[in-house]
Amino acid sequence: MASELVERYFRKETLPNIWCPGCSNGTVTSAIVRAIDNLGLDQDKVCIVSGIGCSSRASGYLDFNTLHTTHGRAIAFATGIKFANPELTVIVITGDGDNAAIGGNHFIHACRRNIDLTVVMYNNHIYGMTGGQYSPTTPRFDRATTAPYGNIDRYFDICKLAIGAGATYVARGTAYHVQQLTKLIERGISHKGFSFIEALSICPTYYGRKNKKGTPADMLKWLKDHAVDIKQASKIDAEELHNKFIIGELLNIDEPEFAEEYQKMLNNLKVNYK
């Protein structure tokens, strides 16, 4: 099955990829591909848009309509694509630095507008491609190239930010819980409106080494041990949930979709202002 997916959905001339050994970017990317395949989407009607960063290299490996954009601007480009051709399924691949820092304004306003995009944010808590700087999701007191004595910034709970800004589908999965992550991405793609999936991932090279997290296998085990499914979270007291993260579907509601509302306005203008 895996070889069939590679044959169909990857640009073989771009392989092997340049991700570090143990990096989970390939795992999250494969979850996106499996979600698309499970939904039976027309390959020519899928558009993958990415920004800048380790995760954003994925658009170059995938054989869809793809666009590798400038830093932090993937959602802005994706918005234009969706407006120009609403029939396309538009998926944004981004990282915690690309989306939560330089791209943060585009992110919150796309949530607010509820435009029909699916954003998958690979969250490895670090800027990997540029040398291991801390990002808006780096946990407090963890070390990074730009925080050699520990990061004193408070970090974003990016899913809460998405919900507060108006996204209508929000979920969190991990690179360990691959089947669940695939299903969450499927639901996000199928949802009409702005869908955001945080994919907790690992960066053994920069985040792992700086913070003595052990091997890639150790880091994946950490994800497993600290994840609490949303179905179980309500049964656990707050003290036990401390320093853990909730995975699963966090929000799924129906609200008017921005591009459709815009088209309704245009149709109304044509009728009433001839």
# chains A, B, ... in the order shown; residues from 1 in each chain; ligands from 1
>>> residues_around(residues="stretch 14-25 of chain A", least_positions_apart="2", cutoff="7 Å", atoms="only C-alpha atoms", output="list of chain:residue names")
A:Arg11, A:Lys12, A:Thr27, A:Val28, A:Thr29, A:Ser55, A:Tyr61, A:Ala175, A:Ser201, A:Ile202, A:Cys203, A:Pro204, A:Pro216
>>> write_last_selection(atoms="N, CA and C atoms", output="PDB file, in the first residue's frame")
ATOM      1  N   ARG A  11       6.383  12.992  -6.331  1.00  0.00           N
ATOM      2  CA  ARG A  11       7.266  13.251  -7.473  1.00  0.00           C
ATOM      3  C   ARG A  11       8.576  12.506  -7.230  1.00  0.00           C
ATOM      4  N   LYS A  12       8.721  11.413  -7.891  1.00  0.00           N
ATOM      5  CA  LYS A  12       9.844  10.512  -7.590  1.00  0.00           C
ATOM      6  C   LYS A  12      11.195  11.136  -7.904  1.00  0.00           C
ATOM      7  N   THR A  27       6.153  11.423   8.303  1.00  0.00           N
ATOM      8  CA  THR A  27       4.999  10.738   8.889  1.00  0.00           C
ATOM      9  C   THR A  27       3.734  11.580   8.742  1.00  0.00           C
ATOM     10  N   VAL A  28       3.850  12.874   9.046  1.00  0.00           N
ATOM     11  CA  VAL A  28       2.685  13.759   8.940  1.00  0.00           C
ATOM     12  C   VAL A  28       2.281  13.935   7.479  1.00  0.00           C
ATOM     13  N   THR A  29       3.279  14.067   6.601  1.00  0.00           N
ATOM     14  CA  THR A  29       2.983  14.201   5.172  1.00  0.00           C
ATOM     15  C   THR A  29       2.260  12.964   4.656  1.00  0.00           C
ATOM     16  N   SER A  55       8.905  21.654   7.243  1.00  0.00           N
ATOM     17  CA  SER A  55       7.647  21.009   6.847  1.00  0.00           C
ATOM     18  C   SER A  55       7.198  21.460   5.468  1.00  0.00           C
ATOM     19  N   TYR A  61       7.615  17.635  -2.846  1.00  0.00           N
ATOM     20  CA  TYR A  61       7.644  16.184  -3.010  1.00  0.00           C
ATOM     21  C   TYR A  61       6.320  15.614  -3.511  1.00  0.00           C
ATOM     22  N   ALA A 175       2.367  12.692  15.604  1.00  0.00           N
ATOM     23  CA  ALA A 175       3.068  11.814  14.670  1.00  0.00           C
ATOM     24  C   ALA A 175       3.136  10.386  15.180  1.00  0.00           C
ATOM     25  N   SER A 201       4.756  17.024  16.279  1.00  0.00           N
ATOM     26  CA  SER A 201       5.795  16.237  15.626  1.00  0.00           C
ATOM     27  C   SER A 201       7.106  16.397  16.384  1.00  0.00           C
ATOM     28  N   ILE A 202       8.154  15.765  15.877  1.00  0.00           N
ATOM     29  CA  ILE A 202       9.429  15.790  16.597  1.00  0.00           C
ATOM     30  C   ILE A 202      10.553  16.301  15.703  1.00  0.00           C
ATOM     31  N   CYS A 203      11.488  17.015  16.323  1.00  0.00           N
ATOM     32  CA  CYS A 203      12.716  17.464  15.660  1.00  0.00           C
ATOM     33  C   CYS A 203      13.889  16.973  16.503  1.00  0.00           C
ATOM     34  N   PRO A 204      14.384  15.767  16.235  1.00  0.00           N
ATOM     35  CA  PRO A 204      15.492  15.241  17.032  1.00  0.00           C
ATOM     36  C   PRO A 204      16.773  16.065  16.905  1.00  0.00           C
ATOM     37  N   PRO A 216      14.995   9.590  18.509  1.00  0.00           N
ATOM     38  CA  PRO A 216      13.674   9.820  17.911  1.00  0.00           C
ATOM     39  C   PRO A 216      12.599   8.899  18.484  1.00  0.00           C
TER      40      PRO A 216
END
>>> select_by_dssp(residues="stretch 31-220 of chain A", states="strand (DSSP E or B)", output="PDB file with C-alpha atoms, in the first residue's frame")
ATOM      1  CA  VAL A  46      -6.236  19.231  -5.045  1.00  0.00           C
ATOM      2  CA  CYS A  47      -3.885  22.147  -4.414  1.00  0.00           C
ATOM      3  CA  ILE A  48      -1.159  21.975  -1.770  1.00  0.00           C
ATOM      4  CA  VAL A  49       0.245  25.319  -0.598  1.00  0.00           C
ATOM      5  CA  SER A  50       3.217  25.660   1.743  1.00  0.00           C
ATOM      6  CA  LEU A  62       3.898  15.834  -3.608  1.00  0.00           C
ATOM      7  CA  ASN A  65      -1.065  21.276  -7.968  1.00  0.00           C
ATOM      8  CA  THR A  66       1.484  22.742  -5.566  1.00  0.00           C
ATOM      9  CA  LEU A  67       2.758  26.161  -4.600  1.00  0.00           C
ATOM     10  CA  HIS A  68       5.804  26.792  -2.392  1.00  0.00           C
ATOM     11  CA  THR A  89      -9.599  21.356  -2.425  1.00  0.00           C
ATOM     12  CA  VAL A  90      -6.919  23.635  -0.960  1.00  0.00           C
ATOM     13  CA  ILE A  91      -4.629  22.285   1.758  1.00  0.00           C
ATOM     14  CA  VAL A  92      -1.987  24.386   3.502  1.00  0.00           C
ATOM     15  CA  ILE A  93       1.137  22.741   4.916  1.00  0.00           C
ATOM     16  CA  THR A  94       2.900  24.945   7.450  1.00  0.00           C
ATOM     17  CA  GLY A  95       5.051  24.851  10.571  1.00  0.00           C
ATOM     18  CA  THR A 118      -7.566  22.956   5.487  1.00  0.00           C
ATOM     19  CA  VAL A 119      -4.414  23.994   7.352  1.00  0.00           C
ATOM     20  CA  VAL A 120      -2.131  21.293   8.752  1.00  0.00           C
ATOM     21  CA  MET A 121       0.484  22.777  11.075  1.00  0.00           C
ATOM     22  CA  TYR A 122       3.466  20.550  11.804  1.00  0.00           C
ATOM     23  CA  ASN A 123       4.360  21.592  15.358  1.00  0.00           C
ATOM     24  CA  TYR A 127      12.609  26.569  13.893  1.00  0.00           C
ATOM     25  CA  GLN A 133      15.600  29.134  17.153  1.00  0.00           C
ATOM     26  CA  ALA A 144      16.984  26.670  21.768  1.00  0.00           C
ATOM     27  CA  ALA A 147      17.393  30.664  24.181  1.00  0.00           C
ATOM     28  CA  TYR A 169     -13.028  22.772  12.651  1.00  0.00           C
ATOM     29  CA  VAL A 170     -10.085  22.362  15.025  1.00  0.00           C
ATOM     30  CA  ALA A 171      -8.244  19.171  15.903  1.00  0.00           C
ATOM     31  CA  ARG A 172      -4.936  18.006  17.341  1.00  0.00           C
ATOM     32  CA  GLY A 173      -3.070  14.808  16.541  1.00  0.00           C
ATOM     33  CA  THR A 174       0.478  13.525  16.821  1.00  0.00           C
ATOM     34  CA  SER A 195     -10.221  23.650   9.246  1.00  0.00           C
ATOM     35  CA  PHE A 196      -7.104  23.597  11.399  1.00  0.00           C
ATOM     36  CA  ILE A 197      -5.221  20.469  12.415  1.00  0.00           C
ATOM     37  CA  GLU A 198      -2.219  20.747  14.713  1.00  0.00           C
ATOM     38  CA  ALA A 199       0.116  17.795  14.116  1.00  0.00           C
ATOM     39  CA  LEU A 200       2.512  17.475  17.050  1.00  0.00           C
TER      40      LEU A 200
END
>>> closest_residue(among="A:Arg209, A:Lys183, A:Lys244, A:His191", to="A:Ala31", atoms="only C-alpha atoms")
A:Lys183
>>> closest_residue(among="A:Ile185, A:Ile230, A:Leu250, A:Leu220", to="A:Ala167", atoms="only C-alpha atoms")
A:Leu250
>>> select_by_dssp(residues="stretch 66-237 of chain A", states="helix (DSSP H, G or I)", output="MDAnalysis selection string")
chainID A and resid 74:84 96:102 104:113 158:165 178:190 204:210 216:226 230:233
>>> closest_atom_pairs(of="stretch 91-172 of chain A", to="stretch 261-267 of chain A", cutoff="12 Å", atoms="only C-alpha atoms", output="tab-separated table")
residue	atom	partner	partner_atom	distance
A:Arg113	CA	A:Glu261	CA	10.2
A:Asn114	CA	A:Glu261	CA	10.3
A:Ile115	CA	A:Glu261	CA	9.7
A:Asp116	CA	A:Glu261	CA	11.4
>>> atom_distance(atom1="atom CA of A:Lys213", atom2="atom CA of A:Asn243")
15.5 Å
>>> closest_atom_pairs(of="stretch 113-208 of chain A", to="stretch 104-108 of chain A", cutoff="9 Å", atoms="only C-alpha atoms", output="tab-separated table")
residue	atom	partner	partner_atom	distance
A:Arg113	CA	A:Ile108	CA	8.7
A:Leu161	CA	A:Ile108	CA	7.7
A:Ala162	CA	A:Ile108	CA	6.7
A:Gly164	CA	A:Ile108	CA	8.8
A:Ala165	CA	A:Ile108	CA	5.5
A:Gly166	CA	A:Ile108	CA	7.9
A:Ala167	CA	A:Ile108	CA	8.5
>>> write_last_selection(atoms="C-alpha atoms", output="PDB file, in the first residue's frame")
ATOM      1  CA  ARG A 113     -13.390  34.679   7.807  1.00  0.00           C
ATOM      2  CA  LEU A 161      -6.035  30.487  19.337  1.00  0.00           C
ATOM      3  CA  ALA A 162      -7.750  29.019  16.264  1.00  0.00           C
ATOM      4  CA  GLY A 164     -10.910  31.957  19.636  1.00  0.00           C
ATOM      5  CA  ALA A 165     -10.279  33.474  16.201  1.00  0.00           C
ATOM      6  CA  GLY A 166     -13.289  31.729  14.663  1.00  0.00           C
ATOM      7  CA  ALA A 167     -12.151  28.504  12.981  1.00  0.00           C
TER       8      ALA A 167
END
>>> closest_residue(among="A:Ala101, A:Ala227, A:Ala74, A:Leu269", to="A:Phe245", atoms="only C-alpha atoms")
A:Ala227
